[in-house]
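**Q** So here's final.pdb, just PDB, C-alpha atoms and all ligand atoms:
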ATOM      1  CA  MET A 290     -12.560  42.977  -5.407
ATOM      2  CA  GLU A 291     -14.694  39.934  -6.046
ATOM      3  CA  SER A 292     -13.367  36.555  -4.991
ATOM      4  CA  VAL A 293     -11.866  34.360  -7.679
ATOM      5  CA  ILE A 294     -11.515  30.568  -7.858
ATOM      6  CA  VAL A 295      -8.628  29.110  -9.849
ATOM      7  CA  ALA A 296      -8.292  25.366 -10.554
ATOM      8  CA  ILE A 297      -4.856  24.043 -11.550
ATOM      9  CA  ASP A 298      -4.644  20.394 -12.622
ATOM     10  CA  GLY A 299      -2.089  18.185 -14.297
ATOM     11  CA  PRO A 300       0.226  15.231 -13.771
ATOM     12  CA  SER A 301       3.128  15.056 -11.323
ATOM     13  CA  GLY A 302       6.093  17.389 -11.831
ATOM     14  CA  THR A 303       4.369  19.816 -14.193
ATOM     15  CA  GLY A 304       4.760  22.651 -11.664
ATOM     16  CA  LYS A 305       1.298  22.739 -10.059
ATOM     17  CA  SER A 306       2.426  23.307  -6.462
ATOM     18  CA  SER A 307       5.137  25.876  -7.173
ATOM     19  CA  THR A 308       2.955  27.775  -9.637
ATOM     20  CA  SER A 309      -0.174  27.703  -7.457
ATOM     21  CA  LYS A 310       1.621  28.914  -4.333
ATOM     22  CA  ALA A 311       3.326  31.774  -6.176
ATOM     23  CA  VAL A 312       0.168  32.873  -7.998
ATOM     24  CA  ALA A 313      -1.868  32.793  -4.770
ATOM     25  CA  ALA A 314       0.816  34.743  -2.886
ATOM     26  CA  GLU A 315       1.084  37.370  -5.615
ATOM     27  CA  LEU A 316      -2.672  37.875  -5.893
ATOM     28  CA  GLY A 317      -3.493  37.631  -2.170
ATOM     29  CA  LEU A 318      -5.490  34.408  -2.545
ATOM     30  CA  SER A 319      -5.638  31.260  -0.412
ATOM     31  CA  TYR A 320      -3.950  28.068  -1.623
ATOM     32  CA  LEU A 321      -4.954  24.407  -1.343
ATOM     33  CA  ASP A 322      -2.756  21.407  -2.197
ATOM     34  CA  THR A 323      -5.279  18.593  -2.658
ATOM     35  CA  GLY A 324      -2.530  16.031  -3.340
ATOM     36  CA  ALA A 325      -1.298  16.631   0.214
ATOM     37  CA  GLN A 326      -4.762  15.626   1.500
ATOM     38  CA  TYR A 327      -4.713  12.319  -0.431
ATOM     39  CA  ARG A 328      -1.152  11.752   0.774
ATOM     40  CA  ALA A 329      -2.232  12.472   4.379
ATOM     41  CA  ILE A 330      -5.060   9.943   4.324
ATOM     42  CA  THR A 331      -2.683   7.399   2.720
ATOM     43  CA  TRP A 332      -0.090   7.996   5.440
ATOM     44  CA  TRP A 333      -2.751   7.470   8.125
ATOM     45  CA  MET A 334      -3.808   4.165   6.481
ATOM     46  CA  LEU A 335      -0.198   2.951   6.359
ATOM     47  CA  THR A 336       0.588   3.897   9.952
ATOM     48  CA  ASN A 337      -2.618   2.225  11.144
ATOM     49  CA  GLY A 338      -1.935  -1.059   9.386
ATOM     50  CA  VAL A 339      -4.767  -0.779   6.847
ATOM     51  CA  ASP A 340      -4.229  -2.889   3.714
ATOM     52  CA  VAL A 341      -4.239  -0.112   1.103
ATOM     53  CA  ASP A 342      -4.614  -2.617  -1.724
ATOM     54  CA  ASP A 343      -8.012  -3.628  -0.307
ATOM     55  CA  PRO A 344     -10.512  -0.906  -1.399
ATOM     56  CA  ALA A 345     -13.204  -2.208   0.980
ATOM     57  CA  ALA A 346     -10.853  -1.976   3.967
ATOM     58  CA  VAL A 347      -9.845   1.572   2.958
ATOM     59  CA  ALA A 348     -13.483   2.621   2.449
ATOM     60  CA  THR A 349     -14.540   1.325   5.877
ATOM     61  CA  VAL A 350     -12.091   3.498   7.824
ATOM     62  CA  CYS A 351     -11.638   6.530   5.571
ATOM     63  CA  ASP A 352     -13.869   8.741   7.746
ATOM     64  CA  LYS A 353     -11.649   8.263  10.794
ATOM     65  CA  PRO A 354      -8.611  10.543  10.311
ATOM     66  CA  VAL A 355      -9.145  14.271  10.788
ATOM     67  CA  ILE A 356      -7.364  15.962   7.883
ATOM     68  CA  ALA A 357      -6.762  19.729   8.130
ATOM     69  CA  SER A 358      -5.126  22.015   5.577
ATOM     70  CA  GLY A 359      -3.723  25.503   6.267
ATOM     71  CA  THR A 360      -4.267  27.660   3.183
ATOM     72  CA  ASP A 361      -1.678  30.459   3.527
ATOM     73  CA  PRO A 362       0.389  30.152   0.308
ATOM     74  CA  LEU A 363       3.485  31.385   2.156
ATOM     75  CA  ALA A 364       3.162  28.705   4.849
ATOM     76  CA  PRO A 365       0.777  25.921   3.808
ATOM     77  CA  THR A 366       0.206  23.184   6.392
ATOM     78  CA  ILE A 367      -1.261  19.686   6.503
ATOM     79  CA  SER A 368      -2.141  17.809   9.669
ATOM     80  CA  VAL A 369      -3.671  14.479  10.579
ATOM     81  CA  ASP A 370      -5.488  14.184  13.928
ATOM     82  CA  GLY A 371      -3.864  17.437  14.963
ATOM     83  CA  ALA A 372      -0.271  16.377  14.218
ATOM     84  CA  ASP A 373       1.876  17.943  11.484
ATOM     85  CA  ALA A 374       2.103  15.489   8.570
ATOM     86  CA  SER A 375       4.065  17.596   6.080
ATOM     87  CA  GLY A 376       7.218  15.462   6.345
ATOM     88  CA  PRO A 377       5.868  11.881   6.398
ATOM     89  CA  ILE A 378       3.449  12.433   3.488
ATOM     90  CA  ARG A 379       6.397  12.979   1.101
ATOM     91  CA  THR A 380       8.142   9.626   1.654
ATOM     92  CA  ARG A 381       8.548   7.217  -1.243
ATOM     93  CA  ASP A 382       6.335   4.710   0.567
ATOM     94  CA  VAL A 383       3.381   7.123   0.624
ATOM     95  CA  THR A 384       4.078   8.231  -2.967
ATOM     96  CA  SER A 385       3.928   4.640  -4.203
ATOM     97  CA  LYS A 386       0.634   3.882  -2.395
ATOM     98  CA  VAL A 387      -1.324   7.116  -2.813
ATOM     99  CA  SER A 388      -2.864   6.241  -6.196
ATOM    100  CA  ALA A 389      -4.459   3.075  -4.769
ATOM    101  CA  VAL A 390      -6.015   4.987  -1.867
ATOM    102  CA  SER A 391      -7.131   7.972  -3.966
ATOM    103  CA  ALA A 392      -8.938   5.644  -6.392
ATOM    104  CA  VAL A 393     -11.398   4.512  -3.682
ATOM    105  CA  PRO A 394     -14.732   6.333  -4.302
ATOM    106  CA  GLU A 395     -15.496   6.755  -0.565
ATOM    107  CA  VAL A 396     -12.117   8.435  -0.055
ATOM    108  CA  ARG A 397     -12.752  10.795  -2.973
ATOM    109  CA  ALA A 398     -16.264  11.663  -1.768
ATOM    110  CA  ARG A 399     -14.950  12.593   1.654
ATOM    111  CA  ILE A 400     -11.933  14.581   0.466
ATOM    112  CA  THR A 401     -13.940  16.337  -2.275
ATOM    113  CA  GLU A 402     -16.446  17.566   0.308
ATOM    114  CA  LEU A 403     -13.603  18.877   2.468
ATOM    115  CA  GLN A 404     -12.091  20.667  -0.542
ATOM    116  CA  ARG A 405     -15.379  22.359  -1.433
ATOM    117  CA  THR A 406     -15.816  23.532   2.169
ATOM    118  CA  ILE A 407     -12.300  25.024   2.206
ATOM    119  CA  ALA A 408     -12.782  26.723  -1.179
ATOM    120  CA  GLY A 409     -16.155  28.112  -0.097
ATOM    121  CA  ALA A 410     -14.623  29.639   3.036
ATOM    122  CA  ALA A 411     -11.820  31.488   1.216
ATOM    123  CA  GLU A 412     -13.017  35.091   1.302
ATOM    124  CA  LYS A 413     -10.735  36.572  -1.337
ATOM    125  CA  GLY A 414     -10.631  33.432  -3.432
ATOM    126  CA  ILE A 415      -8.347  30.461  -3.736
ATOM    127  CA  VAL A 416      -5.978  28.590  -6.031
ATOM    128  CA  VAL A 417      -6.704  24.861  -5.750
ATOM    129  CA  GLU A 418      -4.312  22.376  -7.343
ATOM    130  CA  GLY A 419      -4.794  18.691  -8.034
ATOM    131  CA  ARG A 420      -6.001  16.215 -10.642
ATOM    132  CA  ASP A 421      -9.794  16.629 -10.775
ATOM    133  CA  ILE A 422     -10.382  20.178  -9.555
ATOM    134  CA  GLY A 423     -11.607  21.598 -12.869
ATOM    135  CA  THR A 424     -13.612  18.504 -13.802
ATOM    136  CA  THR A 425     -15.176  17.438 -10.496
ATOM    137  CA  VAL A 426     -14.351  19.395  -7.347
ATOM    138  CA  LEU A 427     -14.948  22.944  -8.619
ATOM    139  CA  PRO A 428     -16.466  22.669 -12.109
ATOM    140  CA  GLY A 429     -17.654  26.280 -11.826
ATOM    141  CA  ALA A 430     -14.136  27.696 -11.205
ATOM    142  CA  ASP A 431     -13.495  31.122 -12.757
ATOM    143  CA  LEU A 432     -10.299  29.905 -14.393
ATOM    144  CA  LYS A 433      -9.071  26.374 -15.110
ATOM    145  CA  ILE A 434      -5.470  25.632 -16.033
ATOM    146  CA  PHE A 435      -4.131  22.241 -17.138
ATOM    147  CA  LEU A 436      -0.342  22.034 -16.853
ATOM    148  CA  THR A 437       1.641  19.510 -18.893
ATOM    149  CA  ALA A 438       5.342  18.794 -19.508
ATOM    150  CA  SER A 439       7.310  15.980 -21.115
ATOM    151  CA  PRO A 440       7.955  12.933 -18.906
ATOM    152  CA  GLU A 441      11.695  13.665 -19.219
ATOM    153  CA  ALA A 442      11.344  17.230 -17.918
ATOM    154  CA  ARG A 443       9.067  16.105 -15.093
ATOM    155  CA  ALA A 444      11.405  13.301 -14.012
ATOM    156  CA  ALA A 445      14.422  15.633 -14.098
ATOM    157  CA  ARG A 446      12.581  18.162 -11.895
ATOM    158  CA  ARG A 447      11.451  15.525  -9.389
ATOM    159  CA  SER A 448      14.771  13.690  -9.092
ATOM    160  CA  GLY A 449      16.506  17.050  -8.620
ATOM    161  CA  GLU A 450      14.226  17.601  -5.621
ATOM    162  CA  LEU A 451      14.828  14.174  -4.093
ATOM    163  CA  LYS A 452      18.603  14.505  -4.144
ATOM    164  CA  GLY A 453      20.054  14.124  -0.673
ATOM    165  CA  LYS A 454      16.763  12.909   0.775
ATOM    166  CA  GLU A 455      15.690   9.634  -0.785
ATOM    167  CA  ALA A 456      18.007  10.018  -3.755
ATOM    168  CA  SER A 457      16.931   8.188  -6.889
ATOM    169  CA  ASP A 458      18.069   8.379 -10.487
ATOM    170  CA  VAL A 459      16.104  10.121 -13.213
ATOM    171  CA  GLU A 460      15.186   6.846 -14.909
ATOM    172  CA  SER A 461      13.538   5.226 -11.876
ATOM    173  CA  THR A 462      11.804   8.529 -11.042
ATOM    174  CA  ARG A 463      10.507   8.657 -14.611
ATOM    175  CA  GLU A 464       9.148   5.116 -14.401
ATOM    176  CA  ALA A 465       7.443   5.787 -11.064
ATOM    177  CA  LEU A 466       5.876   8.991 -12.437
ATOM    178  CA  ILE A 467       4.548   7.298 -15.550
ATOM    179  CA  LYS A 468       3.087   4.470 -13.469
ATOM    180  CA  ARG A 469       1.341   6.916 -11.112
ATOM    181  CA  ASP A 470      -0.017   9.030 -14.013
ATOM    182  CA  ALA A 471      -1.418   5.889 -15.650
ATOM    183  CA  ALA A 472      -3.131   4.817 -12.421
ATOM    184  CA  ASP A 473      -4.505   8.332 -11.782
ATOM    185  CA  SER A 474      -5.737   8.712 -15.389
ATOM    186  CA  SER A 475      -7.412   5.316 -15.638
ATOM    187  CA  ARG A 476      -9.322   5.128 -12.356
ATOM    188  CA  LYS A 477     -13.123   5.148 -12.616
ATOM    189  CA  THR A 478     -13.925   7.931 -10.148
ATOM    190  CA  SER A 479     -12.852  11.432 -11.259
ATOM    191  CA  PRO A 480      -9.603  10.527 -13.036
ATOM    192  CA  LEU A 481      -6.828  12.966 -13.885
ATOM    193  CA  ALA A 482      -8.254  14.807 -16.903
ATOM    194  CA  LYS A 483      -8.287  18.192 -18.580
ATOM    195  CA  ALA A 484     -11.643  19.957 -18.313
ATOM    196  CA  ASP A 485     -13.069  20.983 -21.697
ATOM    197  CA  ASP A 486     -12.842  24.646 -20.728
ATOM    198  CA  ALA A 487      -9.322  24.494 -19.208
ATOM    199  CA  VAL A 488      -6.388  26.419 -20.687
ATOM    200  CA  GLU A 489      -3.552  23.984 -21.384
ATOM    201  CA  VAL A 490      -0.023  25.237 -20.686
ATOM    202  CA  ASP A 491       2.935  23.064 -21.727
ATOM    203  CA  THR A 492       5.698  23.962 -19.241
ATOM    204  CA  THR A 493       8.460  21.789 -20.763
ATOM    205  CA  ASP A 494      10.415  24.728 -22.170
ATOM    206  CA  LEU A 495       9.179  27.446 -19.810
ATOM    207  CA  THR A 496      10.865  28.633 -16.638
ATOM    208  CA  LEU A 497       8.786  28.570 -13.455
ATOM    209  CA  LYS A 498       8.759  32.393 -13.584
ATOM    210  CA  GLN A 499       7.250  32.331 -17.087
ATOM    211  CA  VAL A 500       4.539  29.881 -16.009
ATOM    212  CA  ILE A 501       3.661  32.033 -12.987
ATOM    213  CA  GLU A 502       3.464  35.180 -15.156
ATOM    214  CA  CYS A 503       1.251  33.387 -17.657
ATOM    215  CA  VAL A 504      -1.213  32.211 -14.996
ATOM    216  CA  VAL A 505      -1.273  35.594 -13.190
ATOM    217  CA  ALA A 506      -2.078  37.273 -16.519
ATOM    218  CA  LEU A 507      -4.920  34.817 -17.157
ATOM    219  CA  VAL A 508      -6.386  35.408 -13.674
ATOM    220  CA  GLU A 509      -6.219  39.183 -14.158
ATOM    221  CA  GLU A 510      -7.918  38.869 -17.524
ATOM    222  CA  LYS A 511     -10.754  36.867 -15.928
ATOM    223  CA  ARG A 512     -11.074  39.350 -13.086
ATOM    224  CA  ALA A 513     -11.277  42.274 -15.489
ATOM    225  CA  ALA A 514     -14.045  40.537 -17.423
ATOM    226  CA  LYS A 515     -16.114  39.754 -14.299
TER     227      LYS A 515
HETATM  228  N1  LIG B 601       8.721  25.469 -15.432
HETATM  229  C1  LIG B 601       9.609  24.867 -14.610
HETATM  230  N2  LIG B 601      10.894  24.731 -14.985
HETATM  231  C2  LIG B 601      11.787  24.098 -14.201
HETATM  232  N3  LIG B 601      11.512  23.580 -12.981
HETATM  233  C3  LIG B 601      10.253  23.686 -12.554
HETATM  234  C4  LIG B 601       9.234  24.326 -13.333
HETATM  235  N4  LIG B 601       8.075  24.273 -12.650
HETATM  236  C5  LIG B 601       8.361  23.624 -11.492
HETATM  237  N5  LIG B 601       9.662  23.273 -11.425
HETATM  238  C6  LIG B 601      10.330  22.520 -10.350
HETATM  239  O1  LIG B 601       9.929  21.172 -10.518
HETATM  240  C7  LIG B 601       9.680  20.555  -9.260
HETATM  241  C8  LIG B 601       8.251  20.002  -9.226
HETATM  242  O2  LIG B 601       7.335  21.096  -9.230
HETATM  243  P1  LIG B 601       5.958  21.049  -8.439
HETATM  244  O3  LIG B 601       5.432  22.433  -8.421
HETATM  245  O4  LIG B 601       6.128  20.351  -7.135
HETATM  246  O5  LIG B 601       5.092  20.131  -9.448
HETATM  247  P2  LIG B 601       3.711  19.365  -9.208
HETATM  248  O6  LIG B 601       3.013  20.035  -8.071
HETATM  249  O7  LIG B 601       2.985  19.494 -10.507
HETATM  250  O8  LIG B 601       4.081  17.945  -8.928
HETATM  251  C9  LIG B 601       9.978  21.620  -8.212
HETATM  252  O9  LIG B 601      11.279  21.409  -7.722
HETATM  253  C10 LIG B 601       9.874  22.926  -8.960
HETATM  254  O10 LIG B 601      10.714  23.921  -8.438
HETATM  255  N1  LIG B 602      -7.105  16.206  -6.817
HETATM  256  C1  LIG B 602      -6.278  15.167  -6.618
HETATM  257  C2  LIG B 602      -4.968  15.385  -6.155
HETATM  258  C3  LIG B 602      -4.153  14.298  -5.949
HETATM  259  N2  LIG B 602      -4.634  13.043  -6.149
HETATM  260  C4  LIG B 602      -3.850  11.852  -5.819
HETATM  261  O1  LIG B 602      -2.812  12.183  -4.934
HETATM  262  C5  LIG B 602      -1.550  11.813  -5.473
HETATM  263  C6  LIG B 602      -0.477  12.761  -4.994
HETATM  264  O2  LIG B 602      -0.718  14.046  -5.542
HETATM  265  P1  LIG B 602       0.399  15.184  -5.485
HETATM  266  O3  LIG B 602      -0.174  16.368  -6.161
HETATM  267  O4  LIG B 602       0.909  15.341  -4.118
HETATM  268  O5  LIG B 602       1.535  14.544  -6.349
HETATM  269  P2  LIG B 602       2.849  15.196  -6.885
HETATM  270  O6  LIG B 602       2.505  15.535  -8.277
HETATM  271  O7  LIG B 602       3.136  16.420  -6.075
HETATM  272  O8  LIG B 602       3.857  14.138  -6.774
HETATM  273  C7  LIG B 602      -1.767  11.715  -6.972
HETATM  274  O9  LIG B 602      -0.863  10.839  -7.608
HETATM  275  C8  LIG B 602      -3.214  11.190  -7.041
HETATM  276  O10 LIG B 602      -3.275   9.793  -6.839
HETATM  277  C9  LIG B 602      -5.917  12.868  -6.627
HETATM  278  O11 LIG B 602      -6.329  11.732  -6.847
HETATM  279  N3  LIG B 602      -6.719  13.937  -6.850
END
Write out the structure in this file as structure tokens.

**A**
Amino acid sequence: MESVIVAIDGPSGTGKSSTSKAVAAELGLSYLDTGAQYRAITWWMLTNGVDVDDPAAVATVCDKPVIASGTDPLAPTISVDGADASGPIRTRDVTSKVSAVSAVPEVRARITELQRTIAGAAEKGIVVEGRDIGTTVLPGADLKIFLTASPEARAARRSGELKGKEASDVESTREALIKRDAADSSRKTSPLAKADDAVEVDTTDLTLKQVIECVVALVEEKRAAK
């Protein structure tokens, strides 16, 4: 079967990661979490004392960390300079700083190149999730999905996840999400946006299972038409 490239974009908490992993696993495709890459470079900046609010300082050193992503949807990995970074990249500190780092054009150029290399190497195809995959990273993707959901649903999903770890209430999670979406949507270089040819799926009132079934059906439709 021919390889297939699927781009899944959308704001935080719409279900990109869970949907992408499940679709890739079901269809035997690779999986790439591009948000994890931006989080990894942000974590490296923070641990190395780089002022992340200074775009010039970020740009100067952004080639230094070696970011590697494992693309098995059943066991995705992310490492920085050879060390597992999957835990530290999910802290609230990284989450609050990642939009500033990901807005720096030099950071985006570097990470975009890495993403294209990974997608090009995936023999059977790949599901790539992020913010600018359909518009910028892989504009020729076979299928583009743009996931949305109400801010309330997204905040409820996220704060449910954080419980026990860095517990926070739904309201502060909602505010942080809205702030990050606004920053990601308004930056100059490849902002969060729906590609003209993307299929928009509003997941507010859908279960994760329904979203997965919907995307699998769309991929199979594209494959049949190829
Ligand atoms: N349709 C859905 N209904 C309810 N919960 C969902 C749905 N899709 C995802 N979730 C849950 O919401 C949380 C955030 O999903 P995730 O896939 O990480 O979103 P994103 O990658 O877009 O930020 C996870 O805990 C996930 O299990
Ligand atoms: N393709 C992408 C993916 C993520 N990002 C940035 O990385 C951040 C973290 O992405 P993520 O997918 O891990 O975020 P969550 O929605 O999982 O919280 C986003 O808020 C963006 O600033 C980006 O700029 N472009």

**Q** Could I get the residues of chain A with an atom no further than 9 Å from an atom of ligand LIG 601 (chain B), each paired with its nearest atom pair and that distance in Å to one decimal, using all atoms listed in the file, sorted by chain and residue number, as a tab-separated table?

**A**
residue	atom	partner	partner_atom	distance
A:Asp298	CA	B:LIG601	O7	8.0
A:Gly299	CA	B:LIG601	O7	6.5
A:Pro300	CA	B:LIG601	O7	6.0
A:Ser301	CA	B:LIG601	O8	3.9
A:Gly302	CA	B:LIG601	O8	3.6
A:Thr303	CA	B:LIG601	O7	4.0
A:Gly304	CA	B:LIG601	O3	3.3
A:Lys305	CA	B:LIG601	O7	3.7
A:Ser306	CA	B:LIG601	O3	3.7
A:Ser307	CA	B:LIG601	O3	3.7
A:Thr308	CA	B:LIG601	O3	6.0
A:Ser309	CA	B:LIG601	O3	7.8
A:Lys310	CA	B:LIG601	O3	8.6
A:Asp322	CA	B:LIG601	O6	8.3
A:Gly324	CA	B:LIG601	O6	8.3
A:Glu418	CA	B:LIG601	O6	7.7
A:Gly419	CA	B:LIG601	O6	7.9
A:Leu436	CA	B:LIG601	O7	7.6
A:Thr437	CA	B:LIG601	O7	8.5
A:Ala438	CA	B:LIG601	N1	8.5
A:Ala442	CA	B:LIG601	C2	7.8
A:Arg443	CA	B:LIG601	O1	6.9
A:Ala444	CA	B:LIG601	O1	8.7
A:Ala445	CA	B:LIG601	O1	8.0
A:Arg446	CA	B:LIG601	O1	4.2
A:Arg447	CA	B:LIG601	C7	5.3
A:Ser448	CA	B:LIG601	C7	8.5
A:Gly449	CA	B:LIG601	O9	6.9
A:Glu450	CA	B:LIG601	O9	5.3
A:Leu451	CA	B:LIG601	O9	8.8
A:Asp491	CA	B:LIG601	N1	8.9
A:Thr492	CA	B:LIG601	N1	5.1
A:Thr493	CA	B:LIG601	N1	6.5
A:Asp494	CA	B:LIG601	N1	7.0
A:Leu495	CA	B:LIG601	N1	4.8
A:Thr496	CA	B:LIG601	N1	4.0
A:Leu497	CA	B:LIG601	N1	3.7
A:Lys498	CA	B:LIG601	N1	7.2
A:Gln499	CA	B:LIG601	N1	7.2
A:Val500	CA	B:LIG601	N1	6.1
A:Ile501	CA	B:LIG601	N1	8.6

**Q** Taking (2.8, 7.1, -15.0) in the coordinates of the supplied file, I want to know which residues reach to within 12 Å of it, counting only C-alpha atoms; could you give the answer as a PDB file with C-alpha atoms, keeping the file's coordinate frame?

**A**
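Generated output (point03.pdb):
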ATOM      1  CA  PRO A 300       0.226  15.231 -13.771  1.00  0.00           C
ATOM      2  CA  SER A 301       3.128  15.056 -11.323  1.00  0.00           C
ATOM      3  CA  GLY A 302       6.093  17.389 -11.831  1.00  0.00           C
ATOM      4  CA  SER A 385       3.928   4.640  -4.203  1.00  0.00           C
ATOM      5  CA  SER A 388      -2.864   6.241  -6.196  1.00  0.00           C
ATOM      6  CA  SER A 439       7.310  15.980 -21.115  1.00  0.00           C
ATOM      7  CA  PRO A 440       7.955  12.933 -18.906  1.00  0.00           C
ATOM      8  CA  GLU A 441      11.695  13.665 -19.219  1.00  0.00           C
ATOM      9  CA  ARG A 443       9.067  16.105 -15.093  1.00  0.00           C
ATOM     10  CA  ALA A 444      11.405  13.301 -14.012  1.00  0.00           C
ATOM     11  CA  SER A 461      13.538   5.226 -11.876  1.00  0.00           C
ATOM     12  CA  THR A 462      11.804   8.529 -11.042  1.00  0.00           C
ATOM     13  CA  ARG A 463      10.507   8.657 -14.611  1.00  0.00           C
ATOM     14  CA  GLU A 464       9.148   5.116 -14.401  1.00  0.00           C
ATOM     15  CA  ALA A 465       7.443   5.787 -11.064  1.00  0.00           C
ATOM     16  CA  LEU A 466       5.876   8.991 -12.437  1.00  0.00           C
ATOM     17  CA  ILE A 467       4.548   7.298 -15.550  1.00  0.00           C
ATOM     18  CA  LYS A 468       3.087   4.470 -13.469  1.00  0.00           C
ATOM     19  CA  ARG A 469       1.341   6.916 -11.112  1.00  0.00           C
ATOM     20  CA  ASP A 470      -0.017   9.030 -14.013  1.00  0.00           C
ATOM     21  CA  ALA A 471      -1.418   5.889 -15.650  1.00  0.00           C
ATOM     22  CA  ALA A 472      -3.131   4.817 -12.421  1.00  0.00           C
ATOM     23  CA  ASP A 473      -4.505   8.332 -11.782  1.00  0.00           C
ATOM     24  CA  SER A 474      -5.737   8.712 -15.389  1.00  0.00           C
ATOM     25  CA  SER A 475      -7.412   5.316 -15.638  1.00  0.00           C
ATOM     26  CA  LEU A 481      -6.828  12.966 -13.885  1.00  0.00           C
TER      27      LEU A 481
END

**Q** Counting only C-alpha atoms, what is within 8 Å of A:Thr323, bar same-chain residues fewer than 2 positions away, as a count of residues only?

**A** 8

**Q** In Å, how far is it from atom C8 of ligand LIG 602 (chain B) to atom CA of A:Val383?

**A**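 Taking atom C8 of ligand LIG 602 (chain B) as the start and atom CA of A:Val383 as the end point, the length is 10.9 Å.
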
**Q** Just checking: using all atoms listed in the file, which residue out of A:Val488, A:Val426, A:Val293, A:Ala506 ends up closest to A:Leu318?

**A**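 Nearest candidate to A:Leu318 out of A:Val488, A:Val426, A:Val293, A:Ala506: A:Val293.
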
**Q** Check what the PyMOL selection byres (((chain A and resi 353) around 12) and not hetatm) selects in the file above and give those residues as a PDB file with C-alpha atoms, in the coordinates of the input.

**A**
ATOM      1  CA  ILE A 330      -5.060   9.943   4.324  1.00  0.00           C
ATOM      2  CA  TRP A 333      -2.751   7.470   8.125  1.00  0.00           C
ATOM      3  CA  MET A 334      -3.808   4.165   6.481  1.00  0.00           C
ATOM      4  CA  ASN A 337      -2.618   2.225  11.144  1.00  0.00           C
ATOM      5  CA  VAL A 347      -9.845   1.572   2.958  1.00  0.00           C
ATOM      6  CA  ALA A 348     -13.483   2.621   2.449  1.00  0.00           C
ATOM      7  CA  THR A 349     -14.540   1.325   5.877  1.00  0.00           C
ATOM      8  CA  VAL A 350     -12.091   3.498   7.824  1.00  0.00           C
ATOM      9  CA  CYS A 351     -11.638   6.530   5.571  1.00  0.00           C
ATOM     10  CA  ASP A 352     -13.869   8.741   7.746  1.00  0.00           C
ATOM     11  CA  PRO A 354      -8.611  10.543  10.311  1.00  0.00           C
ATOM     12  CA  VAL A 355      -9.145  14.271  10.788  1.00  0.00           C
ATOM     13  CA  ILE A 356      -7.364  15.962   7.883  1.00  0.00           C
ATOM     14  CA  VAL A 369      -3.671  14.479  10.579  1.00  0.00           C
ATOM     15  CA  ASP A 370      -5.488  14.184  13.928  1.00  0.00           C
ATOM     16  CA  VAL A 396     -12.117   8.435  -0.055  1.00  0.00           C
ATOM     17  CA  ARG A 399     -14.950  12.593   1.654  1.00  0.00           C
TER      18      ARG A 399
END

**Q** Restricting the calculation to only C-alpha atoms and all ligand atoms: of A:Asp342, A:Glu402, A:Asp421, A:Asp485, which residue gets closest to ligand LIG 602 (chain B)?

**A**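 Of all the options, A:Asp421 lies closest to ligand LIG 602 (chain B).
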
**Q** Translate the PyMOL selection byres (((chain A and resi 487) around 12) and not hetatm) into a concrete residue list for this structure, as an MDAnalysis selection string.

**A** chainID A and resid 295:299 421:424 428:436 482:486 488:490 504 507

**Q** Keeping C-alpha atoms for every residue in the selection just given, could you write it to a file as a short mmCIF file (atom, residue, chain, number, x, y, z; two decimals), keeping the file's coordinate frame?

**A**
data_model
loop_
_atom_site.label_atom_id
_atom_site.label_comp_id
_atom_site.auth_asym_id
_atom_site.auth_seq_id
_atom_site.Cartn_x
_atom_site.Cartn_y
_atom_site.Cartn_z
CA VAL A 295 -8.63 29.11 -9.85
CA ALA A 296 -8.29 25.37 -10.55
CA ILE A 297 -4.86 24.04 -11.55
CA ASP A 298 -4.64 20.39 -12.62
CA GLY A 299 -2.09 18.18 -14.30
CA ASP A 421 -9.79 16.63 -10.78
CA ILE A 422 -10.38 20.18 -9.56
CA GLY A 423 -11.61 21.60 -12.87
CA THR A 424 -13.61 18.50 -13.80
CA PRO A 428 -16.47 22.67 -12.11
CA GLY A 429 -17.65 26.28 -11.83
CA ALA A 430 -14.14 27.70 -11.20
CA ASP A 431 -13.50 31.12 -12.76
CA LEU A 432 -10.30 29.90 -14.39
CA LYS A 433 -9.07 26.37 -15.11
CA ILE A 434 -5.47 25.63 -16.03
CA PHE A 435 -4.13 22.24 -17.14
CA LEU A 436 -0.34 22.03 -16.85
CA ALA A 482 -8.25 14.81 -16.90
CA LYS A 483 -8.29 18.19 -18.58
CA ALA A 484 -11.64 19.96 -18.31
CA ASP A 485 -13.07 20.98 -21.70
CA ASP A 486 -12.84 24.65 -20.73
CA VAL A 488 -6.39 26.42 -20.69
CA GLU A 489 -3.55 23.98 -21.38
CA VAL A 490 -0.02 25.24 -20.69
CA VAL A 504 -1.21 32.21 -15.00
CA LEU A 507 -4.92 34.82 -17.16
#

**Q** Let me know the residues the PyMOL selection byres (((chain A and resi 376-381) around 9) and not hetatm) catches in the file above, as a PyMOL selection string.

**A** chain A and resi 325+328-332+373-375+382-386+455

**Q** Print the selection's residues with C-alpha atoms to a file, as a PDB file, in the frame of the given file.

**A**
ATOM      1  CA  ALA A 325      -1.298  16.631   0.214  1.00  0.00           C
ATOM      2  CA  ARG A 328      -1.152  11.752   0.774  1.00  0.00           C
ATOM      3  CA  ALA A 329      -2.232  12.472   4.379  1.00  0.00           C
ATOM      4  CA  ILE A 330      -5.060   9.943   4.324  1.00  0.00           C
ATOM      5  CA  THR A 331      -2.683   7.399   2.720  1.00  0.00           C
ATOM      6  CA  TRP A 332      -0.090   7.996   5.440  1.00  0.00           C
ATOM      7  CA  ASP A 373       1.876  17.943  11.484  1.00  0.00           C
ATOM      8  CA  ALA A 374       2.103  15.489   8.570  1.00  0.00           C
ATOM      9  CA  SER A 375       4.065  17.596   6.080  1.00  0.00           C
ATOM     10  CA  ASP A 382       6.335   4.710   0.567  1.00  0.00           C
ATOM     11  CA  VAL A 383       3.381   7.123   0.624  1.00  0.00           C
ATOM     12  CA  THR A 384       4.078   8.231  -2.967  1.00  0.00           C
ATOM     13  CA  SER A 385       3.928   4.640  -4.203  1.00  0.00           C
ATOM     14  CA  LYS A 386       0.634   3.882  -2.395  1.00  0.00           C
ATOM     15  CA  GLU A 455      15.690   9.634  -0.785  1.00  0.00           C
TER      16      GLU A 455
END
